[in-house]
Structure formats: structure tokens, C-alpha cells
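Colleague: For reference, the structure I am asking about is given below.
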2 protein chains.
Amino acid sequence: MNTINRQWRIVGRPEGQAGTDHFEWHEEPVPVPGPGQVLVRNLVLSLDPTNRLWMWERDTYLPAQKLGQVMRGIAVGRVERSESEALPVGTLVSGLLGWQDYAVADARAVNRLPADPAMTPELWLGLLGHIGITAYFGVTDVGKLVAGETMLVSGAAGAVGSLACQIGRILGARVVGVAGTADKCRWLVDELGCAVAIDYRREDLVEGLARCCPEGVDVYFDNVGGPMLEPVLDRMNLHGRVAVCGAISQYNRTDVSQFDPGPRNLFLLVVKRLRMQGFLTSDFASRAGEAIRALSQWHRDGLLRFRLHEVEGLENAPAAMNMLFVGTNLGKLMVRIAR
Amino acid sequence: MNTINRQWRIVGRPEGQAGTDHFEWHEEPVPVPGPGQVLVRNLVLSLDPTNRLWMWERDTYLPAQKLGQVMRGIAVGRVERSESEALPVGTLVSGLLGWQDYAVADARAVNRLPADPAMTPELWLGLLGHIGITAYFGVTDVGKLVAGETMLVSGAAGAVGSLACQIGRILGARVVGVAGTADKCRWLVDELGCAVAIDYRREDLVEGLARCCPEGVDVYFDNVGGPMLEPVLDRMNLHGRVAVCGAISQYNRTDVSQFDPGPRNLFLLVVKRLRMQGFLTSDFASRAGEAIRALSQWHRDGLLRFRLHEVEGLENAPAAMNMLFVGTNLGKLMVRIAR
């Protein structure tokens, strides 16, 4: 067992992309759990677009991080010391364990994961974790997608987007993905079962939407926010739904005041009786089991592909985070901290 | 019985406010109903913000009107000749009967109204018609307002808004109205039971919202659209709802492309898990009875005030319509065609 806990702490508020200036490497003794707590050895750390949002000075759906704190992050780890009967040593857990080797956490603040050797820590961080649960409820509960409908997914080659596309296909919908490279678009069509894909860097969106959604859009699974919403609203069908999952196009700003203006055609919500609804995994915490059962079954049946993009070493986390915004990761981005 | 049918026909697409240039007065013989049809003598004509939208060249939730057609309008009238057993002579009906003295309509295309002398044609056009039904379902079904919550209503002194305010109060919510004159604001508080009101022409909206909604907004009943949404989203509470009823601030434009940009902070839909939903009365046609029962009961119990602003004479309809956009009408605007 190590005696040193390596950490990345947040020490600055980025304008634009976050960089190594905004994080500080810190080493301290491995902490000791108190009563009701556990010491978790982090194994894999999830990097998500929302991490950038957590660096804002302003509160979002979580309180803003204070400068000097360990950078917040979702990780899967194993209990190495336990002062809680609920979580014996060796238990696999997930939670907001931070960008560090070791975390002390209240036993109630982490999720206990089943000891199934087929379900690796990586799966619990992605397919069966916040990523998969977000995609599942976004499509089924918020989007209320029905077989035969058309679902448009932006950020379709991303972690959540690629699962949303496949869930839509499994449910019998026609799925159209939007991504930023020809390779990603090919992957969407050839491997994930999208009917067609739009490379938004090479094709005008209005034309792309007309080409790919000749019968309109019933559900828009929106991962990107920003200017794309306006042409999509123009193509939405009567009683369509917009499941607002995220706005990665906007996160590299200091605050909402720097966000792009919203669509001029919001009034189409009335004309077409549309519903736009934002959601987070945490809203579905009590129903997570439903999503995990469906996703693991589809995974066992070979219906769901889930690609990992693994970066080796905690020391590389700050640089790796920006891959999400440049679009260079292919699959769910995670940092390997230990095996 | 008259032999001449006087009509206003639409002959131009306005830029900005509609004016007498865009309508043409026309007189023709009273038409004769065919099999399954009735001849309706229009009594009162409803003027609604949405009329302006119907003058666009582009389809909205109804097909665009062609130039030369009788101007579309909701009216209540009485059957004067009938070729349908379902609607005997003397029956009171409502429907899209147009800006004219007489309309020939398919019996199935109009609503038969009960012969209750306490329920006047004016009530059927407003409180118990599309206005009341819109307010009722907007608050209860789309807004899902619950006792103890705060509801913000824009266009609160308008026909739908003033009913939405009162329905909110009856359901036990704290209602905050936004209107454009001190008189209207006094009316909202003194007579309709709003807790407080914001005169948006005299007070900065951000300050007004902070003053009037210190505990945030749970439901925003939006009649006006435009720039007001951004500061409201900033004040919405977790899991808040925006019932998008209309966008009167935007209708005097030629097309959506001239609408104001949308809010920069739409991403707050995710942060606060908000739902924005557009709706029209027609979506609730099968449940209209539920609304009419509740509204007429509240009306009998003296809980609901409904103010009429009656303009005398079909010839004054085009000029009267603009009162809605200048804000000079006090109460539901309608044109008296006959008694």
C-alpha cells in the first residue's frame, strides 16, 4: 500500500480551455477514514464535459469548487480500509472521488458495485454508470422515443451520444447522428446503426438536416447546445421532444453570460407543441437499477458497443480533459489511475 | 334577415402592425348552406394576438391564409338556416367563423354550445371558450402548478393571463403578474389576487423579479416570449416549468427570422432540470369539458373575474386588433357584430 496520495487541485478559473495552469499537483499522506467512512483506492477516473463546468466560479447543479480543493471527478475504486460494515475491504465503489489516488468518503456517499467479474471498473464508469444511465433515461423517459420515430443525436460520437444512438436503434427508431469528423460519422453508421450521419464541420446543418431528416425530427437528444438548436427546431415534428442533456459547445466560457444567444424560433414550441426538458442522471438515481438491467442485458446480447479511450496515469488528467472539447477522443474518455 | 354579408378580407402581409391597408371591406350576398351545413349569424368576434400570426405568409399551427380570403377569426353565432339535423335553427355555436356577418360552415366544424341563458355568447368566447380553456390547461396540465408554489405570469392583464393568475390563486399558489401599466398592475393585485405585480415599463425586470420572487419561480406562464425569458430562467427553481402559451412581443414581425434571439442561458434547463412546453387549446379539445366545468363553477362562486373590452361594429375590427399590441385594451377584446 502506498503512503502518498497524489492529487490534482483546482487553483484557477480558466477563460477558454482549462490548462495545466489551472491545476496544481499535490502530494500528501494517504488519509485515514473516520467512523462510517472508507478509504478508496481510485482505479479509473471519468473525464466528462461537465468537469469544465465544475471549474466555474458560479454554482451550477453542484456548488462551485473552491480554489485549492481536489478537482472533483467521478471515479471507480476499491475499498482499502473500512470503518463501515456496509462496505468491507475489497468492495468496488463509484462516486465523486476526485482527481487523486485515494479518497476518504462516507460510506453512504458512494455507490456499492456488485462483485461480478464480467463487470469491470471501466464498465461501471461508462456503460453501466452515469454515462449509460443518462443515455437510457434521456431517450426513454425524457425523449419518450417510440419505435418508428426519428431521433437526432448531437455529440453522437461522444460517450453519452453513442449510447443514445444505439438505444434509439434498439427501440426501433431511425437514428441520425451529428459528429465532427468523417471517421466518427462512419463509425456511427457502420457500427452503431445510425441510419445516416451529419459531419457538421463539412456540411451546412440546415442542408444536412433536410437531407437526413426528410420526415422531420421527433426527438432531439441534445448534447451540444449552442447555435444548432435553431435549425433543429425548424425541423421538429408536431409534439416533438428535446431532451437537453448538455451543452458542450458552450462550456469553455467563463459564465452563462458568454454563451451564444438562444434560437430565435423558440416560439415554435407553441406552433408545434414541443417539449424541451433538461435532465441529469441524479434525477433518476432511484430508478438506476432499471437502466443498468436493460443496458447490461443489451450488452450481453451484443447489441451495444461501448468504446473506451483510456489515458494512462493520473498525471495526464488535465491535458486529457481538453480532448473532449477538441473532439480528439474516440469513445468514453477515462484516466487509468491504478489496476 | 339581411341579404348582404359584410366581410373583412386579408389582402396584404403587414410588416410591423397590421393596418387597414391589409384588409379589404367586401359585401356579397348571404351564402346558402349545402347539405350537412349551417348558416351562422355571427354575434361576437374574438380578437386575439394569434390573429396577427395568421397573417404571415408562412404556415404556423394553421395553414397560412391566402390573400383574398375572409380574415380568419373565432366567433360565436347563432344558426339561422340549417341543413343539418345536429344543429337546428337557433343553436348557439362557436368556431373559426371569420370576420364577417354570416358564415356557412360544416356542422361538424363548429362547437355546439348549450342553451343556458346564464351563459352569454361573450362568456363562450372568453371565459368558457378558447381563452379560459387555454389558461386552465396551461396552469394545471402544462404548468402542473401545486399549492404553495410561485407562478409568474407575463401578459398578466391580458385575456388568458388574467385568468391564469386567478386560477393560480384559486389553486393556492402565490401569483406574480407582469403587465405594462400601473393601472393594470393595480388591477392584478387588488382584484385578481396576485401577491404582487411588476410593471415592466417602469421597473427593470431583473430587479422586479428579485423583488417579487425572492424564493424563485416554480411555474412561468409565458404569454409574451422575447427577451423576458432570460432573466426568468435565471430565477427559476429546480424542476420548474415554463408553459409557453404565446409570444405577443414577437408577432408584429414578418417571420420568425426577425424574432429576438433566444435566451443565452437555455443551458439552465439542464442545471435546474427545467421543462419548457408549448401548447394550444386544440391539444385539449377532448378534455374541454373538464375545464368548462371548473371555470363555470368558479365563475358562479364569484372566484373568477372576467373583464370584457367590447368594440362595437365589424367595421372597426382591423383597427381594434392593434389594441392588443399597444396594450390599450383592458380585458378580453371582442367585436360586437350583432345582438
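Each chain of the C-alpha cells is named A, B, ... in the order shown, its residues numbered from 1; ligands are numbered from 1 in display order.
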I need the contact residues of chain A against chain B, so if you could list those with any atom within 6 Å, counting only C-alpha atoms, and return them as a list in words, that would help.
Modeller: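 Residues satisfying the distance criterion: Thr60, Tyr61, Val256, Phe259, Asp260, Pro261, Gly262, Pro263, Arg264, Asn265, Leu269, Val270, Val271, Arg273, Leu274, Arg275, Met276, Gln277, Gly278 and Phe279 of chain A.
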Colleague: Could you find all residues in region 83-179 of chain B that DSSP calls strand (DSSP E) from the backbone, and write them as a ChimeraX atom specification?
Modeller: /B:92-96,102-106,111-113,150-154,174-179
Colleague: Residues at most 9 Å from Arg72 (chain B), counting only C-alpha atoms, excluding those fewer than 3 positions away in the same chain, as a list of chain:residue names?
Modeller: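 These residues fall inside the cut-off: B:Arg9, B:Ile10, B:Asn51, B:Trp54, B:Met55, B:Gln65, B:Gln69, B:Leu96, B:Leu97, B:Gly98, B:Trp99.
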Colleague: As an MDAnalysis selection string, please: the residues near Ala291 (chain A) (cut-off 12 Å, only C-alpha atoms, same-chain neighbours under 2 positions excluded).
Modeller: chainID A and resid 127:141 167 281 284:289 293:299
Colleague: For the residues in that selection, give me C-alpha atoms as a short mmCIF file (atom, residue, chain, number, x, y, z; two decimals), in the first residue's frame.
Modeller:
```cif
data_model
loop_
_atom_site.label_atom_id
_atom_site.label_comp_id
_atom_site.auth_asym_id
_atom_site.auth_seq_id
_atom_site.Cartn_x
_atom_site.Cartn_y
_atom_site.Cartn_z
CA LEU A 127 -21.91 1.88 -19.89
CA LEU A 128 -23.38 0.94 -16.53
CA GLY A 129 -22.59 4.20 -14.75
CA HIS A 130 -23.59 7.82 -15.15
CA ILE A 131 -22.97 7.70 -18.92
CA GLY A 132 -25.27 4.79 -19.66
CA ILE A 133 -27.93 5.85 -17.18
CA THR A 134 -28.02 9.34 -18.69
CA ALA A 135 -28.39 7.97 -22.22
CA TYR A 136 -31.04 5.46 -21.17
CA PHE A 137 -33.35 7.84 -19.33
CA GLY A 138 -32.70 10.67 -21.77
CA VAL A 139 -34.01 8.54 -24.63
CA THR A 140 -36.77 6.63 -22.85
CA ASP A 141 -38.08 8.92 -20.12
CA ILE A 167 -30.59 2.70 -27.54
CA THR A 281 -28.53 11.28 -14.02
CA PHE A 284 -33.06 9.08 -11.89
CA ALA A 285 -30.97 7.73 -9.00
CA SER A 286 -33.89 5.79 -7.54
CA ARG A 287 -34.51 4.10 -10.91
CA ALA A 288 -30.88 3.42 -11.83
CA GLY A 289 -31.42 -0.34 -11.49
CA ARG A 293 -30.59 -4.11 -16.09
CA ALA A 294 -31.55 -3.04 -19.62
CA LEU A 295 -28.06 -1.86 -20.56
CA SER A 296 -26.28 -4.95 -19.23
CA GLN A 297 -28.74 -7.24 -20.99
CA TRP A 298 -28.26 -5.41 -24.30
CA HIS A 299 -24.51 -5.51 -23.71
#
```
Colleague: Lay chain B over chain A using all C-alpha atoms, matched one to one in order, with a least-squares fit; then write it out as a compact mmCIF listing (two decimals) with C-alpha atoms, in the first residue's frame.
Modeller:
```txt
# COMPACT_ATOMS: atom_id res chain seq x y z
CA MET B 1 0.06 0.02 -0.02
CA ASN B 2 1.26 3.49 -0.92
CA THR B 3 1.76 6.09 1.73
CA ILE B 4 1.51 9.07 -0.61
CA ASN B 5 -1.73 10.40 -2.10
CA ARG B 6 -1.17 12.26 -5.35
CA GLN B 7 -3.80 14.85 -6.26
CA TRP B 8 -4.74 17.45 -8.81
CA ARG B 9 -6.17 20.53 -7.12
CA ILE B 10 -8.02 23.30 -8.89
CA VAL B 11 -6.15 26.59 -8.45
CA GLY B 12 -7.54 28.81 -11.21
CA ARG B 13 -10.68 29.65 -13.19
CA PRO B 14 -9.98 29.17 -16.88
CA GLU B 15 -11.05 31.55 -19.60
CA GLY B 16 -11.51 29.26 -22.57
CA GLN B 17 -9.87 25.87 -22.32
CA ALA B 18 -8.68 24.65 -18.98
CA GLY B 19 -4.92 24.09 -18.90
CA THR B 20 -2.18 22.95 -16.61
CA ASP B 21 -2.12 26.50 -15.16
CA HIS B 22 -5.46 25.86 -13.51
CA PHE B 23 -4.42 22.72 -11.71
CA GLU B 24 -1.71 22.11 -9.14
CA TRP B 25 -0.05 18.75 -8.47
CA HIS B 26 -0.04 17.98 -4.78
CA GLU B 27 1.27 15.09 -2.71
CA GLU B 28 0.19 14.36 0.83
CA PRO B 29 0.00 11.34 3.13
CA VAL B 30 -2.80 8.90 2.38
CA PRO B 31 -5.67 9.97 4.64
CA VAL B 32 -7.27 7.83 7.35
CA PRO B 33 -11.00 7.09 7.33
CA GLY B 34 -13.09 8.06 10.38
CA PRO B 35 -16.12 6.22 11.75
CA GLY B 36 -18.62 5.37 9.00
CA GLN B 37 -16.01 6.15 6.35
CA VAL B 38 -13.91 4.19 3.93
CA LEU B 39 -10.57 4.74 2.22
CA VAL B 40 -10.97 4.14 -1.51
CA ARG B 41 -8.11 3.37 -3.90
CA ASN B 42 -9.17 5.01 -7.16
CA LEU B 43 -8.73 2.81 -10.22
CA VAL B 44 -10.28 4.72 -13.13
CA LEU B 45 -11.31 8.36 -13.33
CA SER B 46 -14.04 9.58 -15.68
CA LEU B 47 -13.42 12.73 -17.71
CA ASP B 48 -16.67 14.36 -18.74
CA PRO B 49 -17.59 17.65 -20.42
CA THR B 50 -19.33 18.67 -17.23
CA ASN B 51 -15.94 18.76 -15.45
CA ARG B 52 -15.26 22.03 -17.20
CA LEU B 53 -18.50 23.43 -15.80
CA TRP B 54 -17.44 22.45 -12.31
CA MET B 55 -14.49 24.86 -12.67
CA TRP B 56 -16.78 27.90 -12.91
CA GLU B 57 -16.84 30.42 -10.12
CA ARG B 58 -20.64 30.24 -10.18
CA ASP B 59 -22.65 27.35 -8.78
CA THR B 60 -24.26 25.10 -11.37
CA TYR B 61 -26.13 21.92 -10.47
CA LEU B 62 -23.38 21.31 -7.91
CA PRO B 63 -21.81 23.99 -5.74
CA ALA B 64 -18.82 25.67 -7.35
CA GLN B 65 -15.51 24.16 -6.34
CA LYS B 66 -13.37 26.36 -4.16
CA LEU B 67 -9.85 27.07 -5.35
CA GLY B 68 -7.40 24.79 -3.57
CA GLN B 69 -9.80 21.82 -3.42
CA VAL B 70 -9.06 18.48 -5.01
CA MET B 71 -10.59 18.60 -8.51
CA ARG B 72 -14.00 16.97 -8.47
CA GLY B 73 -14.37 13.83 -10.58
CA ILE B 74 -16.37 10.64 -10.85
CA ALA B 75 -14.22 7.55 -10.30
CA VAL B 76 -14.46 3.84 -9.61
CA GLY B 77 -12.21 2.43 -6.91
CA ARG B 78 -11.80 -0.31 -4.39
CA VAL B 79 -12.17 -0.03 -0.61
CA GLU B 80 -8.75 -0.42 1.00
CA ARG B 81 -9.61 0.45 4.59
CA SER B 82 -13.07 0.44 6.06
CA GLU B 83 -14.67 1.89 9.16
CA SER B 84 -18.12 0.94 7.86
CA GLU B 85 -19.71 -2.52 8.01
CA ALA B 86 -21.67 -1.68 4.87
CA LEU B 87 -18.53 -1.56 2.72
CA PRO B 88 -15.95 -4.21 3.56
CA VAL B 89 -12.39 -4.01 2.27
CA GLY B 90 -12.27 -5.08 -1.37
CA THR B 91 -15.69 -3.69 -2.28
CA LEU B 92 -15.85 -1.88 -5.62
CA VAL B 93 -17.48 1.55 -5.33
CA SER B 94 -18.16 4.59 -7.52
CA GLY B 95 -18.76 8.21 -6.66
CA LEU B 96 -17.35 11.72 -6.63
CA LEU B 97 -13.94 10.51 -5.49
CA GLY B 98 -11.88 13.23 -7.12
CA TRP B 99 -8.70 13.51 -9.20
CA GLN B 100 -6.47 11.64 -6.76
CA ASP B 101 -5.07 8.24 -5.85
CA TYR B 102 -7.03 7.84 -2.64
CA ALA B 103 -10.27 9.26 -1.31
CA VAL B 104 -11.81 9.13 2.13
CA ALA B 105 -15.58 9.04 1.75
CA ASP B 106 -18.64 8.50 3.89
CA ALA B 107 -19.93 5.01 3.16
CA ARG B 108 -23.32 6.49 2.29
CA ALA B 109 -21.87 8.90 -0.23
CA VAL B 110 -20.61 6.22 -2.62
CA ASN B 111 -22.38 3.55 -4.71
CA ARG B 112 -21.59 -0.05 -3.88
CA LEU B 113 -20.99 -2.01 -7.08
CA PRO B 114 -21.67 -5.76 -7.40
CA ALA B 115 -18.71 -8.15 -7.37
CA ASP B 116 -19.32 -9.53 -10.85
CA PRO B 117 -16.02 -10.22 -12.65
CA ALA B 118 -17.69 -9.65 -16.03
CA MET B 119 -18.44 -6.10 -14.99
CA THR B 120 -15.16 -4.26 -14.96
CA PRO B 121 -14.50 -0.90 -13.31
CA GLU B 122 -14.48 0.64 -16.80
CA LEU B 123 -18.01 -0.63 -17.47
CA TRP B 124 -19.21 0.82 -14.17
CA LEU B 125 -17.73 4.16 -15.08
CA GLY B 126 -19.33 4.22 -18.50
CA LEU B 127 -21.93 1.88 -19.90
CA LEU B 128 -23.40 0.94 -16.54
CA GLY B 129 -22.59 4.19 -14.75
CA HIS B 130 -23.60 7.82 -15.16
CA ILE B 131 -22.99 7.70 -18.92
CA GLY B 132 -25.28 4.79 -19.67
CA ILE B 133 -27.94 5.84 -17.19
CA THR B 134 -28.02 9.34 -18.70
CA ALA B 135 -28.39 7.97 -22.23
CA TYR B 136 -31.05 5.46 -21.19
CA PHE B 137 -33.37 7.85 -19.35
CA GLY B 138 -32.71 10.67 -21.79
CA VAL B 139 -34.02 8.54 -24.64
CA THR B 140 -36.78 6.63 -22.87
CA ASP B 141 -38.07 8.92 -20.15
CA VAL B 142 -37.29 12.46 -21.26
CA GLY B 143 -37.38 11.84 -25.01
CA LYS B 144 -40.18 9.27 -24.80
CA LEU B 145 -38.88 7.82 -28.05
CA VAL B 146 -41.26 5.41 -29.80
CA ALA B 147 -40.48 2.83 -32.50
CA GLY B 148 -40.72 4.29 -35.97
CA GLU B 149 -39.86 7.82 -34.90
CA THR B 150 -36.77 9.77 -35.95
CA MET B 151 -34.27 10.69 -33.26
CA LEU B 152 -31.50 13.19 -33.92
CA VAL B 153 -28.46 12.98 -31.63
CA SER B 154 -25.82 15.70 -31.41
CA GLY B 155 -22.40 14.87 -29.99
CA ALA B 156 -23.36 11.44 -31.33
CA ALA B 157 -19.85 9.99 -31.22
CA GLY B 158 -19.39 11.04 -27.60
CA ALA B 159 -19.81 8.73 -24.64
CA VAL B 160 -23.47 9.51 -23.93
CA GLY B 161 -24.32 10.23 -27.56
CA SER B 162 -23.03 6.92 -28.90
CA LEU B 163 -25.14 5.04 -26.37
CA ALA B 164 -28.19 7.21 -27.05
CA CYS B 165 -27.89 6.38 -30.76
CA GLN B 166 -27.77 2.67 -30.09
CA ILE B 167 -30.60 2.70 -27.55
CA GLY B 168 -32.69 4.53 -30.13
CA ARG B 169 -31.89 1.91 -32.75
CA ILE B 170 -32.68 -0.93 -30.30
CA LEU B 171 -36.05 0.70 -29.57
CA GLY B 172 -36.84 0.70 -33.28
CA ALA B 173 -36.31 4.34 -34.13
CA ARG B 174 -34.52 5.80 -37.12
CA VAL B 175 -31.44 7.49 -35.63
CA VAL B 176 -29.50 10.34 -37.21
CA GLY B 177 -26.18 11.26 -35.61
CA VAL B 178 -24.25 14.52 -35.79
CA ALA B 179 -20.50 14.45 -35.21
CA GLY B 180 -17.39 16.40 -36.16
CA THR B 181 -15.23 14.11 -38.33
CA ALA B 182 -15.77 11.74 -41.25
CA ASP B 183 -14.33 8.88 -39.17
CA LYS B 184 -16.83 9.44 -36.41
CA CYS B 185 -19.68 9.62 -38.92
CA ARG B 186 -18.60 6.32 -40.48
CA TRP B 187 -18.48 4.74 -37.03
CA LEU B 188 -21.99 5.99 -36.29
CA VAL B 189 -23.42 4.42 -39.42
CA ASP B 190 -21.27 1.31 -39.84
CA GLU B 191 -21.03 0.17 -36.25
CA LEU B 192 -23.68 1.91 -34.16
CA GLY B 193 -26.56 1.54 -36.58
CA CYS B 194 -27.38 5.18 -37.28
CA ALA B 195 -29.41 5.44 -40.49
CA VAL B 196 -27.20 8.32 -41.58
CA ALA B 197 -24.87 10.90 -40.05
CA ILE B 198 -24.07 14.57 -40.50
CA ASP B 199 -20.48 15.82 -40.29
CA TYR B 200 -21.26 19.32 -39.04
CA ARG B 201 -17.77 20.56 -39.93
CA ARG B 202 -18.22 19.65 -43.59
CA GLU B 203 -21.90 20.13 -44.26
CA ASP B 204 -24.21 23.03 -43.59
CA LEU B 205 -26.56 21.97 -40.82
CA VAL B 206 -29.72 23.22 -42.50
CA GLU B 207 -28.88 21.20 -45.60
CA GLY B 208 -27.72 18.22 -43.59
CA LEU B 209 -30.93 18.16 -41.60
CA ALA B 210 -33.03 18.41 -44.76
CA ARG B 211 -31.03 15.59 -46.33
CA CYS B 212 -31.04 13.30 -43.30
CA CYS B 213 -34.42 14.02 -41.72
CA PRO B 214 -36.81 14.34 -44.66
CA GLU B 215 -39.72 13.42 -42.40
CA GLY B 216 -38.67 15.71 -39.59
CA VAL B 217 -37.33 15.04 -36.12
CA ASP B 218 -39.44 13.59 -33.31
CA VAL B 219 -36.79 13.54 -30.59
CA TYR B 220 -33.66 15.67 -30.45
CA PHE B 221 -31.12 14.34 -27.95
CA ASP B 222 -29.04 17.47 -27.44
CA ASN B 223 -25.52 17.12 -26.08
CA VAL B 224 -24.03 20.26 -27.58
CA GLY B 225 -26.29 23.29 -27.04
CA GLY B 226 -25.46 26.49 -28.90
CA PRO B 227 -26.45 27.53 -32.42
CA MET B 228 -27.51 24.06 -33.57
CA LEU B 229 -30.86 24.24 -31.80
CA GLU B 230 -32.38 26.81 -34.15
CA PRO B 231 -32.23 24.76 -37.38
CA VAL B 232 -33.27 21.66 -35.44
CA LEU B 233 -36.38 23.37 -34.05
CA ASP B 234 -37.25 24.27 -37.64
CA ARG B 235 -37.29 20.57 -38.50
CA MET B 236 -39.03 19.25 -35.39
CA ASN B 237 -42.33 17.47 -35.87
CA LEU B 238 -45.57 18.20 -34.07
CA HIS B 239 -45.35 17.19 -30.40
CA GLY B 240 -41.60 16.62 -30.69
CA ARG B 241 -39.34 16.41 -27.65
CA VAL B 242 -35.92 17.94 -27.00
CA ALA B 243 -34.01 16.05 -24.31
CA VAL B 244 -31.44 18.60 -23.16
CA CYS B 245 -28.52 16.57 -21.86
CA GLY B 246 -25.70 19.10 -22.08
CA ALA B 247 -24.15 21.98 -23.97
CA ILE B 248 -20.53 21.08 -24.61
CA SER B 249 -20.25 23.80 -27.27
CA GLN B 250 -20.63 26.37 -24.50
CA TYR B 251 -18.68 25.08 -21.52
CA ASN B 252 -15.35 26.68 -22.36
CA ARG B 253 -16.72 30.05 -21.33
CA THR B 254 -16.36 31.74 -18.01
CA ASP B 255 -20.09 32.09 -17.44
CA VAL B 256 -23.54 31.79 -18.99
CA SER B 257 -23.31 35.48 -19.95
CA GLN B 258 -20.75 34.46 -22.60
CA PHE B 259 -22.93 31.71 -24.04
CA ASP B 260 -24.24 32.02 -27.57
CA PRO B 261 -27.69 33.59 -27.88
CA GLY B 262 -30.53 31.09 -27.95
CA PRO B 263 -32.63 30.27 -30.99
CA ARG B 264 -34.90 32.96 -32.45
CA ASN B 265 -37.55 30.38 -33.15
CA LEU B 266 -38.35 29.23 -29.61
CA PHE B 267 -41.88 30.24 -30.43
CA LEU B 268 -42.04 27.07 -32.49
CA LEU B 269 -42.55 25.41 -29.11
CA VAL B 270 -46.11 26.72 -29.35
CA VAL B 271 -46.61 26.26 -33.09
CA LYS B 272 -45.52 22.61 -32.91
CA ARG B 273 -46.32 22.02 -29.22
CA LEU B 274 -42.76 20.95 -28.43
CA ARG B 275 -41.37 19.99 -25.07
CA MET B 276 -37.77 20.85 -24.12
CA GLN B 277 -36.56 19.29 -20.93
CA GLY B 278 -33.24 19.27 -19.15
CA PHE B 279 -32.17 16.30 -17.07
CA LEU B 280 -29.31 14.82 -15.07
CA THR B 281 -28.55 11.26 -14.04
CA SER B 282 -29.08 12.20 -10.42
CA ASP B 283 -32.79 12.75 -11.13
CA PHE B 284 -33.08 9.06 -11.90
CA ALA B 285 -30.99 7.73 -9.02
CA SER B 286 -33.91 5.78 -7.55
CA ARG B 287 -34.52 4.09 -10.92
CA ALA B 288 -30.89 3.41 -11.84
CA GLY B 289 -31.44 -0.36 -11.50
CA GLU B 290 -33.91 -0.31 -14.38
CA ALA B 291 -31.33 1.27 -16.68
CA ILE B 292 -28.50 -0.99 -15.53
CA ARG B 293 -30.60 -4.11 -16.11
CA ALA B 294 -31.57 -3.05 -19.63
CA LEU B 295 -28.08 -1.86 -20.56
CA SER B 296 -26.28 -4.93 -19.24
CA GLN B 297 -28.75 -7.23 -21.00
CA TRP B 298 -28.25 -5.41 -24.31
CA HIS B 299 -24.52 -5.52 -23.73
CA ARG B 300 -24.57 -9.29 -23.11
CA ASP B 301 -26.70 -9.73 -26.24
CA GLY B 302 -24.07 -7.91 -28.26
CA LEU B 303 -26.45 -5.08 -29.15
CA LEU B 304 -24.48 -2.26 -27.56
CA ARG B 305 -20.98 -1.17 -28.44
CA PHE B 306 -19.05 0.86 -25.95
CA ARG B 307 -15.67 2.23 -26.88
CA LEU B 308 -13.16 3.33 -24.27
CA HIS B 309 -10.50 5.93 -24.72
CA GLU B 310 -8.10 5.28 -21.88
CA VAL B 311 -5.38 7.72 -20.89
CA GLU B 312 -2.64 6.25 -18.75
CA GLY B 313 -1.72 7.99 -15.50
CA LEU B 314 -3.31 10.51 -13.16
CA GLU B 315 -0.61 13.02 -14.10
CA ASN B 316 -2.14 13.32 -17.58
CA ALA B 317 -5.70 14.16 -16.47
CA PRO B 318 -5.60 17.96 -17.05
CA ALA B 319 -4.29 17.66 -20.60
CA ALA B 320 -6.63 14.77 -21.39
CA MET B 321 -9.71 16.73 -20.36
CA ASN B 322 -9.34 19.05 -23.35
CA MET B 323 -9.66 16.17 -25.78
CA LEU B 324 -13.38 16.33 -25.06
CA PHE B 325 -13.57 19.88 -26.35
CA VAL B 326 -11.29 19.45 -29.34
CA GLY B 327 -13.08 16.23 -30.18
CA THR B 328 -9.99 14.02 -30.41
CA ASN B 329 -11.15 11.26 -28.07
CA LEU B 330 -12.83 8.27 -29.69
CA GLY B 331 -15.09 6.76 -27.08
CA LYS B 332 -15.58 7.29 -23.39
CA LEU B 333 -12.59 9.20 -22.04
CA MET B 334 -11.12 7.92 -18.79
CA VAL B 335 -7.85 8.08 -16.92
CA ARG B 336 -6.24 4.90 -15.63
CA ILE B 337 -5.01 5.60 -12.10
CA ALA B 338 -4.25 2.06 -10.95
CA ARG B 339 -5.06 -1.52 -11.88
```
Colleague: Report as a PyMOL selection string: the residues of region 176-328 of chain A with a DSSP assignment of helix (DSSP H, G or I), based on the backbone of this structure.
Modeller: chain A and resi 182-190+205-212+226-235+248-250+256-258+268-271+281-300+314-321+323-326
